[in-house]
Every structure is written in C-alpha cells, then in structure tokens.
$ cat work_18.cif   # mmCIF, C-alpha atoms, pLDDT in the B column; chains and numbers go by the auth columns
data_query
#
loop_
_atom_site.group_PDB
_atom_site.id
_atom_site.type_symbol
_atom_site.label_atom_id
_atom_site.label_comp_id
_atom_site.label_asym_id
_atom_site.label_seq_id
_atom_site.Cartn_x
_atom_site.Cartn_y
_atom_site.Cartn_z
_atom_site.B_iso_or_equiv
_atom_site.auth_seq_id
_atom_site.auth_asym_id
ATOM 1 C CA MET A 1 75.890 -169.177 -83.374 92.00 1 A
ATOM 2 C CA THR A 2 74.401 -165.964 -82.014 94.00 2 A
ATOM 3 C CA PHE A 3 74.122 -162.826 -84.134 94.00 3 A
ATOM 4 C CA GLU A 4 72.381 -159.455 -84.306 96.00 4 A
ATOM 5 C CA ILE A 5 69.577 -159.288 -86.871 97.00 5 A
ATOM 6 C CA PHE A 6 67.814 -155.972 -86.160 97.00 6 A
ATOM 7 C CA LYS A 7 67.888 -152.970 -83.856 97.00 7 A
ATOM 8 C CA THR A 8 65.694 -150.163 -82.641 96.00 8 A
ATOM 9 C CA GLY A 9 65.396 -147.103 -84.839 95.00 9 A
ATOM 10 C CA SER A 10 63.953 -146.140 -88.201 96.00 10 A
ATOM 11 C CA HIS A 11 63.908 -148.821 -90.894 93.00 11 A
ATOM 12 C CA THR A 12 62.582 -148.704 -94.454 90.00 12 A
ATOM 13 C CA SER A 13 60.983 -151.772 -96.056 82.00 13 A
ATOM 14 C CA ASP A 14 61.671 -152.941 -99.586 78.00 14 A
ATOM 15 C CA LYS A 15 58.382 -151.249 -100.505 81.00 15 A
ATOM 16 C CA GLY A 16 59.708 -147.886 -99.307 87.00 16 A
ATOM 17 C CA VAL A 17 57.650 -147.743 -96.102 87.00 17 A
ATOM 18 C CA SER A 18 59.559 -146.304 -93.139 92.00 18 A
ATOM 19 C CA LYS A 19 58.733 -147.224 -89.559 93.00 19 A
ATOM 20 C CA GLU A 20 60.274 -146.451 -86.191 96.00 20 A
ATOM 21 C CA TYR A 21 60.939 -149.660 -84.230 96.00 21 A
ATOM 22 C CA THR A 22 61.029 -149.390 -80.446 96.00 22 A
ATOM 23 C CA LEU A 23 62.250 -151.727 -77.751 96.00 23 A
ATOM 24 C CA ASP A 24 58.619 -152.808 -77.293 96.00 24 A
ATOM 25 C CA ASP A 25 58.478 -153.786 -80.985 96.00 25 A
ATOM 26 C CA LEU A 26 61.628 -155.878 -80.680 97.00 26 A
ATOM 27 C CA ASN A 27 60.301 -157.541 -77.527 98.00 27 A
ATOM 28 C CA PHE A 28 57.080 -158.369 -79.398 98.00 28 A
ATOM 29 C CA ILE A 29 59.035 -159.978 -82.256 98.00 29 A
ATOM 30 C CA ALA A 30 61.165 -161.996 -79.804 98.00 30 A
ATOM 31 C CA ASN A 31 58.267 -163.075 -77.576 98.00 31 A
ATOM 32 C CA ALA A 32 56.019 -163.965 -80.520 97.00 32 A
ATOM 33 C CA TYR A 33 58.672 -166.227 -82.041 98.00 33 A
ATOM 34 C CA LYS A 34 57.668 -169.851 -81.635 97.00 34 A
ATOM 35 C CA PRO A 35 60.008 -172.020 -83.726 96.00 35 A
ATOM 36 C CA GLU A 36 58.036 -175.150 -82.910 95.00 36 A
ATOM 37 C CA GLU A 37 55.063 -173.571 -84.728 93.00 37 A
ATOM 38 C CA ASP A 38 56.646 -171.512 -87.506 91.00 38 A
ATOM 39 C CA GLU A 39 60.429 -171.734 -87.681 95.00 39 A
ATOM 40 C CA ALA A 40 62.112 -168.842 -89.525 97.00 40 A
ATOM 41 C CA PRO A 41 64.687 -169.848 -92.143 97.00 41 A
ATOM 42 C CA ILE A 42 68.070 -168.260 -92.668 97.00 42 A
ATOM 43 C CA VAL A 43 68.304 -167.257 -96.328 97.00 43 A
ATOM 44 C CA ILE A 44 70.489 -165.239 -98.669 96.00 44 A
ATOM 45 C CA GLY A 45 68.820 -161.994 -99.704 93.00 45 A
ATOM 46 C CA HIS A 46 65.041 -161.834 -99.441 90.00 46 A
ATOM 47 C CA PRO A 47 63.548 -164.670 -101.500 90.00 47 A
ATOM 48 C CA GLU A 48 59.766 -164.549 -101.894 87.00 48 A
ATOM 49 C CA ASP A 49 59.269 -168.159 -100.883 89.00 49 A
ATOM 50 C CA ASN A 50 61.898 -168.371 -98.074 90.00 50 A
ATOM 51 C CA ASP A 51 63.827 -170.931 -100.102 92.00 51 A
ATOM 52 C CA PRO A 52 66.505 -172.209 -100.033 95.00 52 A
ATOM 53 C CA ALA A 53 67.075 -172.269 -96.302 96.00 53 A
ATOM 54 C CA PHE A 54 70.685 -172.435 -95.116 97.00 54 A
ATOM 55 C CA GLY A 55 69.682 -172.865 -91.490 96.00 55 A
ATOM 56 C CA TRP A 56 66.930 -172.099 -89.018 96.00 56 A
ATOM 57 C CA VAL A 57 66.549 -169.628 -86.172 97.00 57 A
ATOM 58 C CA SER A 58 66.177 -171.545 -82.922 97.00 58 A
ATOM 59 C CA SER A 59 65.426 -168.567 -80.654 98.00 59 A
ATOM 60 C CA LEU A 60 65.270 -164.775 -80.420 98.00 60 A
ATOM 61 C CA SER A 61 66.166 -162.391 -77.616 98.00 61 A
ATOM 62 C CA VAL A 62 66.541 -158.649 -77.118 98.00 62 A
ATOM 63 C CA SER A 63 69.743 -157.132 -75.751 96.00 63 A
ATOM 64 C CA ASP A 64 69.788 -154.331 -73.196 91.00 64 A
ATOM 65 C CA ASP A 65 71.010 -151.914 -75.871 94.00 65 A
ATOM 66 C CA GLY A 66 68.041 -152.505 -78.207 94.00 66 A
ATOM 67 C CA LYS A 67 69.216 -155.219 -80.569 98.00 67 A
ATOM 68 C CA LEU A 68 67.285 -158.270 -81.718 98.00 68 A
ATOM 69 C CA ILE A 69 69.527 -161.306 -81.366 98.00 69 A
ATOM 70 C CA ALA A 70 69.014 -164.633 -83.138 98.00 70 A
ATOM 71 C CA ASP A 71 70.472 -167.991 -82.260 98.00 71 A
ATOM 72 C CA ALA A 72 71.085 -170.731 -84.804 96.00 72 A
ATOM 73 C CA PRO A 73 73.127 -173.770 -83.795 92.00 73 A
ATOM 74 C CA GLU A 74 76.210 -174.059 -86.030 91.00 74 A
ATOM 75 C CA ASP A 75 75.654 -177.771 -86.495 90.00 75 A
ATOM 76 C CA LYS A 76 72.262 -176.941 -88.051 86.00 76 A
ATOM 77 C CA LEU A 77 73.703 -174.479 -90.617 94.00 77 A
ATOM 78 C CA HIS A 78 74.524 -175.642 -94.131 96.00 78 A
ATOM 79 C CA PRO A 79 78.308 -176.325 -94.149 96.00 79 A
ATOM 80 C CA GLU A 80 79.050 -174.180 -97.227 95.00 80 A
ATOM 81 C CA PHE A 81 76.999 -171.301 -95.792 96.00 81 A
ATOM 82 C CA LEU A 82 78.888 -171.534 -92.495 94.00 82 A
ATOM 83 C CA ILE A 83 82.202 -171.358 -94.369 95.00 83 A
ATOM 84 C CA ALA A 84 80.968 -168.290 -96.285 95.00 84 A
ATOM 85 C CA LEU A 85 79.989 -166.629 -92.985 93.00 85 A
ATOM 86 C CA LYS A 86 83.382 -167.316 -91.464 92.00 86 A
ATOM 87 C CA GLU A 87 85.043 -165.888 -94.589 95.00 87 A
ATOM 88 C CA GLY A 88 83.026 -162.688 -94.129 94.00 88 A
ATOM 89 C CA ARG A 89 81.016 -162.957 -97.360 95.00 89 A
ATOM 90 C CA TYR A 90 77.792 -161.848 -95.668 95.00 90 A
ATOM 91 C CA LYS A 91 78.433 -158.851 -93.448 92.00 91 A
ATOM 92 C CA LYS A 92 74.861 -157.560 -93.203 94.00 92 A
ATOM 93 C CA ARG A 93 71.578 -159.058 -92.097 95.00 93 A
ATOM 94 C CA SER A 94 68.014 -158.027 -92.778 94.00 94 A
ATOM 95 C CA ILE A 95 64.763 -159.437 -91.494 96.00 95 A
ATOM 96 C CA SER A 96 61.417 -159.990 -93.124 94.00 96 A
ATOM 97 C CA LEU A 97 58.328 -159.697 -90.959 94.00 97 A
ATOM 98 C CA THR A 98 54.803 -160.952 -91.507 93.00 98 A
ATOM 99 C CA PRO A 99 51.971 -158.384 -91.604 91.00 99 A
ATOM 100 C CA GLU A 100 51.393 -159.258 -87.919 94.00 100 A
ATOM 101 C CA GLY A 101 54.996 -158.304 -87.091 93.00 101 A
ATOM 102 C CA LYS A 102 56.348 -161.817 -86.591 96.00 102 A
ATOM 103 C CA LEU A 103 59.698 -163.012 -87.945 97.00 103 A
ATOM 104 C CA ARG A 104 59.352 -164.496 -91.442 96.00 104 A
ATOM 105 C CA HIS A 105 63.053 -164.994 -92.272 97.00 105 A
ATOM 106 C CA VAL A 106 66.542 -163.642 -91.688 97.00 106 A
ATOM 107 C CA GLY A 107 68.284 -162.610 -94.894 96.00 107 A
ATOM 108 C CA PHE A 108 72.057 -162.452 -95.092 96.00 108 A
ATOM 109 C CA LEU A 109 73.295 -159.777 -97.483 94.00 109 A
#

$ encode --input "work_18.cif" --output "structure tokens"
Amino acid sequence: MTFEIFKTGSHTSDKGVSKEYTLDDLNFIANAYKPEEDEAPIVIGHPEDNDPAFGWVSSLSVSDDGKLIADAPEDKLHPEFLIALKEGRYKKRSISLTPEGKLRHVGFL
C-alpha cells in the first residue's frame, strides 16, 4: 500500500512551531530513512511511545510534485486497521519527525 504522508509547504507542529518544508527537506527525510536500522511504525494519532503499531513503513520516496510517499505492504498491516482504512475511517495522515528530521512515525487521523 502506497500513500502520501507529507508535502512541501508550511506546517505547524503540535507545539505550535511553524516551518516551511522544501523539496530538499522531503528528499532528506526519504534518503535518511533506513527501516533496517529504525523502522517507523504506523500509528493512530500521535502516541508518545509509538505504540501500538498497526504496521510499519517499508520505504519512503518523493514524488515530482513535492509529496512524501510511504510504502507499507498490506500483508504487514494489522487486519482490523486495514479494514478501517478501506472504510475511510482515517482520511488524514500526519508525520512525527525526530529532532534530526528523520521519520519517527506516521499517524493516521
């Protein structure tokens, strides 16, 4: 399953800090993502401890139109979560980044 998780433009963190994200920023996030070292979970909302995980991001890429794209194999997603996605229960996605700018988790909202 491939889905958009972020795009270029101005974004405001949960702490109220706004930042302009460029194509270079998205490329950094995608290129820095090493799932074999620190796999980012797919979660609901933004839990502090990244738990529970309903799946895992296997790879990241950047589209030509400035969108950060995640891939998560459907067979690796929790079955009930996959059903909820297909029913349209989670229409929005939000990412959490580490202080270094690496992907921490993808939150479905």

$ residues_near_point --input "work_18.cif" --point "(70.1, -164.9, -97.1)" --cutoff "6 Å" --atoms "only C-alpha atoms" --output "JSON list (two decimals) with C-alpha atoms, in the frame of the given file"
[["chain", "number", "residue", "atom", "x", "y", "z"],
["A", 42, "ILE", "CA", 68.07, -168.26, -92.67],
["A", 43, "VAL", "CA", 68.30, -167.26, -96.33],
["A", 44, "ILE", "CA", 70.49, -165.24, -98.67],
["A", 45, "GLY", "CA", 68.82, -161.99, -99.70],
["A", 107, "GLY", "CA", 68.28, -162.61, -94.89],
["A", 108, "PHE", "CA", 72.06, -162.45, -95.09]]

$ atom_distance --input "work_18.cif" --atom1 "atom CA of Ala30 of chain A" --atom2 "atom CA of Ile83 of chain A"
27.2 Å

$ closest_residue --input "work_18.cif" --among "A:His46, A:Lys91, A:His78, A:Lys86" --to "Asp14 of chain A" --atoms "all atoms listed in the file"
A:His46

$ closest_residue --input "work_18.cif" --among "A:Tyr90, A:Phe54, A:Phe81, A:Phe6" --to "Gly66 of chain A" --atoms "all atoms listed in the file"
A:Phe6

$ resolve_selection --input "work_18.cif" --expression "the PyMOL selection byres ((chain A and resi 56) around 6)" --output "list of chain:residue names"
A:Ala40, A:Pro41, A:Ile42, A:Gly55, A:Val57

$ decode --input "work_18.cif" --residues "segment 61-97 of chain A" --atoms "N, CA and C atoms" --output "short mmCIF file (atom, residue, chain, number, x, y, z; two decimals), in the first residue's frame"
data_model
loop_
_atom_site.label_atom_id
_atom_site.label_comp_id
_atom_site.auth_asym_id
_atom_site.auth_seq_id
_atom_site.Cartn_x
_atom_site.Cartn_y
_atom_site.Cartn_z
N SER A 61 9.63 7.70 -0.53
CA SER A 61 10.07 8.32 -1.77
C SER A 61 9.43 9.70 -1.86
N VAL A 62 9.93 10.50 -2.79
CA VAL A 62 9.39 11.84 -3.01
C VAL A 62 8.88 11.91 -4.44
N SER A 63 7.64 12.37 -4.59
CA SER A 63 7.05 12.50 -5.93
C SER A 63 7.54 13.77 -6.59
N ASP A 64 7.36 13.85 -7.90
CA ASP A 64 7.79 15.02 -8.66
C ASP A 64 7.05 16.29 -8.24
N ASP A 65 5.84 16.13 -7.69
CA ASP A 65 5.06 17.30 -7.29
C ASP A 65 5.21 17.64 -5.80
N GLY A 66 6.28 17.15 -5.16
CA GLY A 66 6.59 17.56 -3.80
C GLY A 66 5.81 16.88 -2.71
N LYS A 67 5.58 15.60 -2.84
CA LYS A 67 4.88 14.84 -1.81
C LYS A 67 5.77 13.71 -1.31
N LEU A 68 5.74 13.49 0.00
CA LEU A 68 6.48 12.39 0.60
C LEU A 68 5.55 11.18 0.60
N ILE A 69 6.00 10.11 -0.01
CA ILE A 69 5.20 8.91 -0.21
C ILE A 69 5.79 7.76 0.61
N ALA A 70 4.91 7.08 1.35
CA ALA A 70 5.32 5.92 2.15
C ALA A 70 4.77 4.65 1.51
N ASP A 71 5.49 3.58 1.72
CA ASP A 71 5.02 2.27 1.29
C ASP A 71 4.98 1.36 2.51
N ALA A 72 3.87 0.65 2.63
CA ALA A 72 3.70 -0.34 3.70
C ALA A 72 2.95 -1.52 3.10
N PRO A 73 3.59 -2.67 3.01
CA PRO A 73 2.91 -3.82 2.41
C PRO A 73 1.61 -4.15 3.16
N GLU A 74 0.53 -4.34 2.39
CA GLU A 74 -0.77 -4.62 3.01
C GLU A 74 -0.74 -5.85 3.89
N ASP A 75 0.04 -6.85 3.51
CA ASP A 75 0.07 -8.07 4.31
C ASP A 75 0.81 -7.88 5.63
N LYS A 76 1.43 -6.70 5.82
CA LYS A 76 2.12 -6.39 7.07
C LYS A 76 1.30 -5.43 7.94
N LEU A 77 0.12 -4.99 7.45
CA LEU A 77 -0.75 -4.12 8.23
C LEU A 77 -1.70 -4.97 9.08
N HIS A 78 -2.02 -4.48 10.26
CA HIS A 78 -2.96 -5.17 11.13
C HIS A 78 -4.29 -5.29 10.38
N PRO A 79 -4.91 -6.48 10.34
CA PRO A 79 -6.13 -6.67 9.54
C PRO A 79 -7.26 -5.71 9.87
N GLU A 80 -7.50 -5.44 11.14
CA GLU A 80 -8.59 -4.52 11.52
C GLU A 80 -8.27 -3.08 11.10
N PHE A 81 -7.00 -2.70 11.15
CA PHE A 81 -6.59 -1.38 10.71
C PHE A 81 -6.79 -1.24 9.20
N LEU A 82 -6.43 -2.27 8.46
CA LEU A 82 -6.59 -2.27 7.01
C LEU A 82 -8.07 -2.13 6.64
N ILE A 83 -8.94 -2.81 7.34
CA ILE A 83 -10.38 -2.69 7.10
C ILE A 83 -10.83 -1.26 7.36
N ALA A 84 -10.37 -0.68 8.48
CA ALA A 84 -10.73 0.71 8.81
C ALA A 84 -10.25 1.67 7.73
N LEU A 85 -9.07 1.45 7.18
CA LEU A 85 -8.56 2.29 6.09
C LEU A 85 -9.46 2.19 4.87
N LYS A 86 -9.81 0.97 4.52
CA LYS A 86 -10.65 0.76 3.34
C LYS A 86 -12.05 1.33 3.52
N GLU A 87 -12.50 1.41 4.76
CA GLU A 87 -13.81 2.01 5.06
C GLU A 87 -13.73 3.53 5.12
N GLY A 88 -12.53 4.09 5.03
CA GLY A 88 -12.36 5.54 5.03
C GLY A 88 -12.38 6.18 6.40
N ARG A 89 -12.11 5.42 7.45
CA ARG A 89 -12.14 5.96 8.82
C ARG A 89 -10.99 6.92 9.10
N TYR A 90 -9.88 6.76 8.41
CA TYR A 90 -8.72 7.63 8.62
C TYR A 90 -8.38 8.31 7.30
N LYS A 91 -8.86 9.53 7.14
CA LYS A 91 -8.68 10.23 5.87
C LYS A 91 -7.43 11.08 5.84
N LYS A 92 -6.86 11.39 7.01
CA LYS A 92 -5.69 12.26 7.06
C LYS A 92 -4.51 11.52 7.68
N ARG A 93 -3.32 12.01 7.30
CA ARG A 93 -2.09 11.45 7.85
C ARG A 93 -1.21 12.59 8.31
N SER A 94 -0.42 12.31 9.33
CA SER A 94 0.49 13.29 9.89
C SER A 94 1.76 12.55 10.28
N ILE A 95 2.89 13.22 10.13
CA ILE A 95 4.14 12.55 10.49
C ILE A 95 4.73 13.18 11.74
N SER A 96 5.52 12.39 12.42
CA SER A 96 6.33 12.87 13.53
C SER A 96 7.78 12.68 13.13
N LEU A 97 8.56 13.73 13.34
CA LEU A 97 9.98 13.68 13.00
C LEU A 97 10.83 13.75 14.26
#
